[in-house]
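Just below is one structure, and these are the notes that go with it.
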Amino acid sequence: SWKFEMTVTKKDDNARIIPVHETNADGIGLESLELSSVEMTMNVIEPAGSMVFAVALDADGNKIESGSGNTDELATEGHDISRVYVYLCDYDEYMDEIKGYGVPGNQKEKSFQEVLEERALFKTVVDTTK
């Protein structure tokens with residue numbers, strides 16, 4: 001028979017929470033970013049009755065993709081996250097009109113970041129080096 005006795009603990013000395021506490025006039029915004037060695041979680045402020053989709057770009061303007069089924073948990077491997085651009089868009093508008101600009105090679109006259117800058121309901125830049 002097999003018998004294992006071990007204690008497993010989660011420890012990430014680099015994990016931290018960066019408070020943001022910013023909203024637009026409609027109350028849509030970003031409470032904080034949680035950073036660990038491998039992922040970033042966006043804690044979005046979303047008033048009742050609104051549906052937003054959060055998008056984060058790294059310091060180079062590249063989209064940071066979700067590392068799980070939760071689209072607010074992003075895999076940071078391979079990204080410069082010293083500065084993070086966070087955009088909150090209307091959910092339906094993002095899915096129907098904006099999302100396609102984020103597909104590599106699918107940019108037309110504007111980059112994905114330019115479209116987000118124009119159409120986001122809320123946007124902020126977070127310096128994660130502080």
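Residues in the structure tokens are named by chain (A, B, ... in the order shown) and by number from 1 within that chain; ligands are numbered from 1 in the order shown.
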
Open item on the list: Could you list, as a ChimeraX atom specification, every residue within 12 Å of Ser111 in chain A, counting only C-alpha atoms and ignoring same-chain residues fewer than 6 positions away?
Closed with: /A:61-63,98-105,117-118

Excluding Asn24 in chain A and residues on its chain fewer than 3 positions from it, collect all residues at most 10 Å away from it, counting only C-alpha atoms, and give them as a JSON list (two decimals) with N, CA, C and O atoms, in the first residue's frame.
```json
[["chain", "number", "residue", "atom", "x", "y", "z"],
["A", 27, "GLY", "N", -19.22, 54.50, -12.84],
["A", 27, "GLY", "CA", -18.83, 53.56, -11.79],
["A", 27, "GLY", "C", -18.10, 52.33, -12.30],
["A", 27, "GLY", "O", -17.85, 51.39, -11.55],
["A", 28, "ILE", "N", -17.73, 52.29, -13.57],
["A", 28, "ILE", "CA", -16.98, 51.19, -14.15],
["A", 28, "ILE", "C", -15.50, 51.47, -13.98],
["A", 28, "ILE", "O", -15.05, 52.58, -14.28],
["A", 29, "GLY", "N", -14.75, 50.49, -13.50],
["A", 29, "GLY", "CA", -13.34, 50.75, -13.31],
["A", 29, "GLY", "C", -12.55, 49.56, -12.84],
["A", 29, "GLY", "O", -12.95, 48.41, -12.99],
["A", 30, "LEU", "N", -11.41, 49.85, -12.23],
["A", 30, "LEU", "CA", -10.48, 48.81, -11.79],
["A", 30, "LEU", "C", -10.15, 49.04, -10.32],
["A", 30, "LEU", "O", -9.66, 50.11, -9.94],
["A", 121, "LEU", "N", -14.86, 51.84, -22.45],
["A", 121, "LEU", "CA", -15.65, 52.61, -21.50],
["A", 121, "LEU", "C", -14.77, 53.17, -20.39],
["A", 121, "LEU", "O", -15.07, 54.21, -19.82],
["A", 122, "PHE", "N", -13.71, 52.45, -20.09],
["A", 122, "PHE", "CA", -12.76, 52.83, -19.05],
["A", 122, "PHE", "C", -11.38, 52.38, -19.49],
["A", 122, "PHE", "O", -11.23, 51.31, -20.08],
["A", 123, "LYS", "N", -10.38, 53.20, -19.19],
["A", 123, "LYS", "CA", -9.01, 52.80, -19.51],
["A", 123, "LYS", "C", -8.07, 53.40, -18.47],
["A", 123, "LYS", "O", -8.32, 54.49, -17.93]]
```

TODO: Rank A:Glu31, A:Glu39, A:Asp58, A:Asp127 by their smallest atom-to-atom distance to Asn70 in chain A, using only C-alpha atoms, and report the top residue only.
DONE: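 Of A:Glu31, A:Glu39, A:Asp58, A:Asp127, the one nearest Asn70 in chain A is A:Glu39, counting only C-alpha atoms.
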
Task: Selection: 10 Å around Asp60 in chain A, only C-alpha atoms, excl. self and same-chain fewer than 4 positions, as a PyMOL selection string - done: chain A and resi 79-85

TODO: as a list in words, please: all residues of chain A that backbone DSSP puts in helix (DSSP H, G or I).
DONE: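 Result set for chain A (helix (DSSP H, G or I)): Tyr91, Asp92, Glu93, Tyr94, Met95, Asp96, Glu97, Ile98, Lys99, Gly100, Tyr101, Gly102, Phe112, Gln113, Glu114, Val115, Leu116, Glu117, Glu118 and Arg119 of chain A.
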
Hey, can you spit out that residue selection with C-alpha atoms as a tab-separated table (two decimals), in the first residue's frame?
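The resulting file, part-v1.tsv, is reproduced below:
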```tsv
chain	number	residue	atom	x	y	z
A	91	TYR	CA	-19.23	43.21	-23.44
A	92	ASP	CA	-21.44	42.96	-26.54
A	93	GLU	CA	-19.51	45.61	-28.46
A	94	TYR	CA	-16.22	43.89	-27.62
A	95	MET	CA	-17.43	40.47	-28.74
A	96	ASP	CA	-19.15	41.74	-31.89
A	97	GLU	CA	-16.84	44.49	-33.11
A	98	ILE	CA	-13.58	44.96	-31.20
A	99	LYS	CA	-12.29	41.45	-30.49
A	100	GLY	CA	-11.30	40.76	-34.09
A	101	TYR	CA	-8.73	43.56	-34.06
A	102	GLY	CA	-6.80	41.58	-31.42
A	112	PHE	CA	-5.87	46.74	-31.56
A	113	GLN	CA	-4.62	49.25	-28.99
A	114	GLU	CA	-5.83	52.22	-31.07
A	115	VAL	CA	-9.32	50.69	-31.29
A	116	LEU	CA	-9.34	50.02	-27.54
A	117	GLU	CA	-8.23	53.58	-26.83
A	118	GLU	CA	-11.16	54.91	-28.89
A	119	ARG	CA	-13.91	52.52	-27.77
```

- [ ] May I ask which of the residues A:Asp13, A:Glu109, A:Glu5, A:Glu73 is the closest one to Met40 in chain A, counting only C-alpha atoms?
- [x] A:Glu73

Task: strand (DSSP E) positions in chain A, given as a PyMOL selection string - done: chain A and resi 16-23+29-35+39-45+52-57+73-75+83-90+122-127

- [ ] Counting only C-alpha atoms, figure out which residue out of A:Glu65, A:Val38, A:Lys110, A:Asp90 gets nearest to Met51 in chain A.
- [x]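 Going through A:Glu65, A:Val38, A:Lys110, A:Asp90 one by one, the smallest distance to Met51 in chain A is for A:Asp90.
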
Open item on the list: Restricting the calculation to only C-alpha atoms: of A:Ile64, A:Leu33, A:Val55, A:Ala48, which residue gets closest to Val86 in chain A?
Closed with: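 Using only C-alpha atoms, the shortest distance to Val86 in chain A belongs to A:Val55.
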
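For Arg16 in chain A, the non-local neighbours within 7 Å, defined as residues at least 5 positions apart in the same chain or in other chains and counting only C-alpha atoms, are Glu34, Leu35 and Ser36 of chain A.
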